[in-house]
Amino acid sequence: MDMAKPLILRTVLIAACLALAAAQGSPGTATFYGGPDGSGTMGGACGYGNLYDAGYGVLNAALSQTLFNDGASCGQCYTITCDTSRPGGQYCKPGTSITVSATNLCPANYALPGGGWCGPGRPHFDMSQPAWENIGVYQAGIIPVVYQQVKCSRGGGVRFSIAGCNYFLLVNIQNLGGSGSVGAAWVKGDSTGWIQMSRNWGANWQALAGLVGQGLSFAVSSTGGQYIQFLNVAPAWWQFGETYTTYQNFYY
């Protein structure tokens, strides 16, 4: 008898099971906030401000510390499905899923054991109420879910919202497609080379440079590995507090 065949078959079955589990997503939990219209979710720890203006709308979520990753996950998209196989699954709306954008941090509450649902090590989504009610019954308050990061589909191009002062540029980079989040960023004035930016907080990237009075170009690498130069985004007479829209976006 060829003993190798059962071993090979078992290995193939294990690999198939692991692949299926990955395709189905990872386990987590979900609550909701922001009111029936989701207006209470505007703003947040990614710095997007009005989420409609920034391209994200009301289908959004605040991520627990574990998922938020100090702001590196801002803008990412997740498909979330209520998990009927776990305790609390009786409050699911079976056969439904919703895709949300990460726009905020759900902070740990250390008045509760382990920091509460958003405590360290817990993958949790505090979703806008309109998004949450696609998959869960309102009275439940919290439901078990499976989630998977997915490609973001956005309308229009990447947006750059400029704040700061004369020698400090703070740019909120918004509306990314593909992976949805920024891995690295650069800025260039009319009279400079490319200047490496660093993450300040959320989706805000900073440069310690005096660029007032110069036209601005930006370059961005997505966390998916795509690099795009956005040339001549802002004219030389740009002002702090303004947002500039481009016609380019990411596919991955």
# chains A, B, ... in the order shown; residues from 1 in each chain; ligands from 1
call {"tool": "select_by_dssp", "arguments": {"residues": "segment 18-249 of chain A", "states": "strand (DSSP E or B)", "output": "VMD selection string"}}
result
chain A and resid 26 to 33 60 to 64 77 to 82 92 97 to 106 124 to 128 136 143 to 150 152 159 to 165 168 to 174 178 182 to 189 195 to 196 198 to 201 204 to 207 216 to 222 227 to 234 243 to 245
call {"tool": "residues_around", "arguments": {"residues": "segment 150-157 of chain A", "least_positions_apart": "5", "cutoff": "9 Å", "atoms": "only C-alpha atoms", "output": "JSON, numbers by chain"}}
result
{"A": [55, 56, 75, 76, 77, 78, 79, 99, 101, 174, 175, 176, 177, 178, 179, 180, 245, 246, 247, 248, 249, 250, 251, 252]}
call {"tool": "write_last_selection", "arguments": {"atoms": "N, CA and C atoms", "output": "PDB file, in the first residue's frame"}}
result
ATOM      1  N   GLY A  55     -15.517  61.716   0.585  1.00  0.00           N
ATOM      2  CA  GLY A  55     -15.720  60.588  -0.315  1.00  0.00           C
ATOM      3  C   GLY A  55     -16.132  59.288   0.337  1.00  0.00           C
ATOM      4  N   TYR A  56     -16.407  59.306   1.665  1.00  0.00           N
ATOM      5  CA  TYR A  56     -16.671  58.055   2.375  1.00  0.00           C
ATOM      6  C   TYR A  56     -18.141  57.834   2.713  1.00  0.00           C
ATOM      7  N   GLY A  75      -9.151  54.698   5.876  1.00  0.00           N
ATOM      8  CA  GLY A  75      -9.581  54.625   4.483  1.00  0.00           C
ATOM      9  C   GLY A  75      -9.754  53.221   3.946  1.00  0.00           C
ATOM     10  N   GLN A  76      -9.279  52.214   4.665  1.00  0.00           N
ATOM     11  CA  GLN A  76      -9.417  50.840   4.172  1.00  0.00           C
ATOM     12  C   GLN A  76     -10.877  50.395   4.184  1.00  0.00           C
ATOM     13  N   CYS A  77     -11.178  49.415   3.359  1.00  0.00           N
ATOM     14  CA  CYS A  77     -12.544  48.907   3.228  1.00  0.00           C
ATOM     15  C   CYS A  77     -12.637  47.478   3.757  1.00  0.00           C
ATOM     16  N   TYR A  78     -13.738  47.208   4.440  1.00  0.00           N
ATOM     17  CA  TYR A  78     -13.967  45.891   5.024  1.00  0.00           C
ATOM     18  C   TYR A  78     -15.383  45.440   4.707  1.00  0.00           C
ATOM     19  N   THR A  79     -15.496  44.215   4.243  1.00  0.00           N
ATOM     20  CA  THR A  79     -16.814  43.603   4.092  1.00  0.00           C
ATOM     21  C   THR A  79     -17.106  42.826   5.371  1.00  0.00           C
ATOM     22  N   THR A  99     -20.212  46.599   3.162  1.00  0.00           N
ATOM     23  CA  THR A  99     -18.830  47.059   3.060  1.00  0.00           C
ATOM     24  C   THR A  99     -18.740  48.470   3.618  1.00  0.00           C
ATOM     25  N   SER A 101     -16.048  51.769   5.200  1.00  0.00           N
ATOM     26  CA  SER A 101     -14.721  52.386   5.172  1.00  0.00           C
ATOM     27  C   SER A 101     -14.290  52.720   6.597  1.00  0.00           C
ATOM     28  N   GLN A 174      -7.253  61.850   1.111  1.00  0.00           N
ATOM     29  CA  GLN A 174      -8.595  61.274   1.176  1.00  0.00           C
ATOM     30  C   GLN A 174      -9.003  60.564  -0.112  1.00  0.00           C
ATOM     31  N   ASN A 175     -10.020  59.701   0.041  1.00  0.00           N
ATOM     32  CA  ASN A 175     -10.738  59.121  -1.099  1.00  0.00           C
ATOM     33  C   ASN A 175      -9.877  58.187  -1.949  1.00  0.00           C
ATOM     34  N   LEU A 176      -8.994  57.425  -1.305  1.00  0.00           N
ATOM     35  CA  LEU A 176      -8.171  56.468  -2.049  1.00  0.00           C
ATOM     36  C   LEU A 176      -8.988  55.236  -2.421  1.00  0.00           C
ATOM     37  N   GLY A 177      -8.837  54.802  -3.670  1.00  0.00           N
ATOM     38  CA  GLY A 177      -9.368  53.516  -4.090  1.00  0.00           C
ATOM     39  C   GLY A 177      -8.354  52.424  -3.799  1.00  0.00           C
ATOM     40  N   GLY A 178      -8.588  51.241  -4.318  1.00  0.00           N
ATOM     41  CA  GLY A 178      -7.658  50.124  -4.143  1.00  0.00           C
ATOM     42  C   GLY A 178      -7.548  49.702  -2.699  1.00  0.00           C
ATOM     43  N   SER A 179      -6.349  49.742  -2.142  1.00  0.00           N
ATOM     44  CA  SER A 179      -6.163  49.354  -0.739  1.00  0.00           C
ATOM     45  C   SER A 179      -6.798  50.354   0.209  1.00  0.00           C
ATOM     46  N   GLY A 180      -7.046  51.576  -0.266  1.00  0.00           N
ATOM     47  CA  GLY A 180      -7.761  52.574   0.515  1.00  0.00           C
ATOM     48  C   GLY A 180      -6.916  53.410   1.451  1.00  0.00           C
ATOM     49  N   THR A 245      -8.907  68.496  -5.430  1.00  0.00           N
ATOM     50  CA  THR A 245      -9.313  67.205  -5.984  1.00  0.00           C
ATOM     51  C   THR A 245      -8.503  66.901  -7.234  1.00  0.00           C
ATOM     52  N   THR A 246      -8.151  65.643  -7.410  1.00  0.00           N
ATOM     53  CA  THR A 246      -7.407  65.212  -8.593  1.00  0.00           C
ATOM     54  C   THR A 246      -8.284  64.287  -9.442  1.00  0.00           C
ATOM     55  N   TYR A 247      -7.728  63.855 -10.561  1.00  0.00           N
ATOM     56  CA  TYR A 247      -8.456  62.954 -11.459  1.00  0.00           C
ATOM     57  C   TYR A 247      -7.808  61.575 -11.518  1.00  0.00           C
ATOM     58  N   GLN A 248      -6.908  61.307 -10.577  1.00  0.00           N
ATOM     59  CA  GLN A 248      -6.226  60.012 -10.529  1.00  0.00           C
ATOM     60  C   GLN A 248      -6.591  59.276  -9.249  1.00  0.00           C
ATOM     61  N   ASN A 249      -6.608  57.972  -9.335  1.00  0.00           N
ATOM     62  CA  ASN A 249      -6.878  57.173  -8.142  1.00  0.00           C
ATOM     63  C   ASN A 249      -6.189  55.827  -8.232  1.00  0.00           C
ATOM     64  N   PHE A 250      -6.254  55.088  -7.135  1.00  0.00           N
ATOM     65  CA  PHE A 250      -5.530  53.819  -7.019  1.00  0.00           C
ATOM     66  C   PHE A 250      -6.407  52.622  -7.385  1.00  0.00           C
ATOM     67  N   TYR A 251      -5.754  51.606  -7.944  1.00  0.00           N
ATOM     68  CA  TYR A 251      -6.425  50.351  -8.258  1.00  0.00           C
ATOM     69  C   TYR A 251      -6.044  49.257  -7.265  1.00  0.00           C
ATOM     70  N   TYR A 252      -4.941  49.445  -6.545  1.00  0.00           N
ATOM     71  CA  TYR A 252      -4.537  48.466  -5.546  1.00  0.00           C
ATOM     72  C   TYR A 252      -3.705  49.137  -4.459  1.00  0.00           C
TER      73      TYR A 252
END
call {"tool": "closest_residue", "arguments": {"among": "A:Ser221, A:Ser85, A:Ser97, A:Ser73", "to": "Tyr147 of chain A", "atoms": "only C-alpha atoms"}}
result
A:Ser97
call {"tool": "atom_distance", "arguments": {"atom1": "atom CA of Gln206 of chain A", "atom2": "atom CA of Ala185 of chain A"}}
result
9.0 Å
call {"tool": "atom_distance", "arguments": {"atom1": "atom CA of Glu133 of chain A", "atom2": "atom CA of Gly28 of chain A"}}
result
16.7 Å
call {"tool": "select_by_dssp", "arguments": {"residues": "segment 66-251 of chain A", "states": "alpha helix (DSSP H)", "output": "short mmCIF file (atom, residue, chain, number, x, y, z; two decimals) with C-alpha atoms, in the first residue's frame"}}
result
data_model
loop_
_atom_site.label_atom_id
_atom_site.label_comp_id
_atom_site.auth_asym_id
_atom_site.auth_seq_id
_atom_site.Cartn_x
_atom_site.Cartn_y
_atom_site.Cartn_z
CA THR A 66 -5.92 46.23 16.95
CA LEU A 67 -7.33 47.08 13.52
CA PHE A 68 -6.72 50.85 13.50
CA GLN A 129 -25.97 52.74 12.67
CA PRO A 130 -27.19 52.76 9.02
CA ALA A 131 -24.38 50.38 8.05
CA TRP A 132 -24.88 48.12 11.08
#
call {"tool": "residues_around", "arguments": {"residues": "Gly241 of chain A", "least_positions_apart": "6", "cutoff": "7 Å", "atoms": "only C-alpha atoms", "output": "ChimeraX atom specification"}}
result
/A:161-163
call {"tool": "closest_residue", "arguments": {"among": "A:Ser222, A:Ser198, A:Leu63, A:Gly25", "to": "Gly121 of chain A", "atoms": "only C-alpha atoms"}}
result
A:Leu63
call {"tool": "closest_residue", "arguments": {"among": "A:Ser128, A:Ile143, A:Asp83, A:Ala108", "to": "Ser39 of chain A", "atoms": "only C-alpha atoms"}}
result
A:Ser128
call {"tool": "closest_residue", "arguments": {"among": "A:Lys93, A:Ala30, A:Asn232, A:Trp194", "to": "Arg122 of chain A", "atoms": "only C-alpha atoms"}}
result
A:Ala30
call {"tool": "closest_residue", "arguments": {"among": "A:Trp201, A:Phe160, A:Phe218, A:Tyr138", "to": "Asn69 of chain A", "atoms": "only C-alpha atoms"}}
result
A:Trp201
call {"tool": "closest_residue", "arguments": {"among": "A:Asp70, A:Asp37, A:Glu242, A:Asp190", "to": "Leu216 of chain A", "atoms": "only C-alpha atoms"}}
result
A:Asp190
call {"tool": "atom_distance", "arguments": {"atom1": "atom CA of Ser26 of chain A", "atom2": "atom CA of Ser64 of chain A"}}
result
14.4 Å
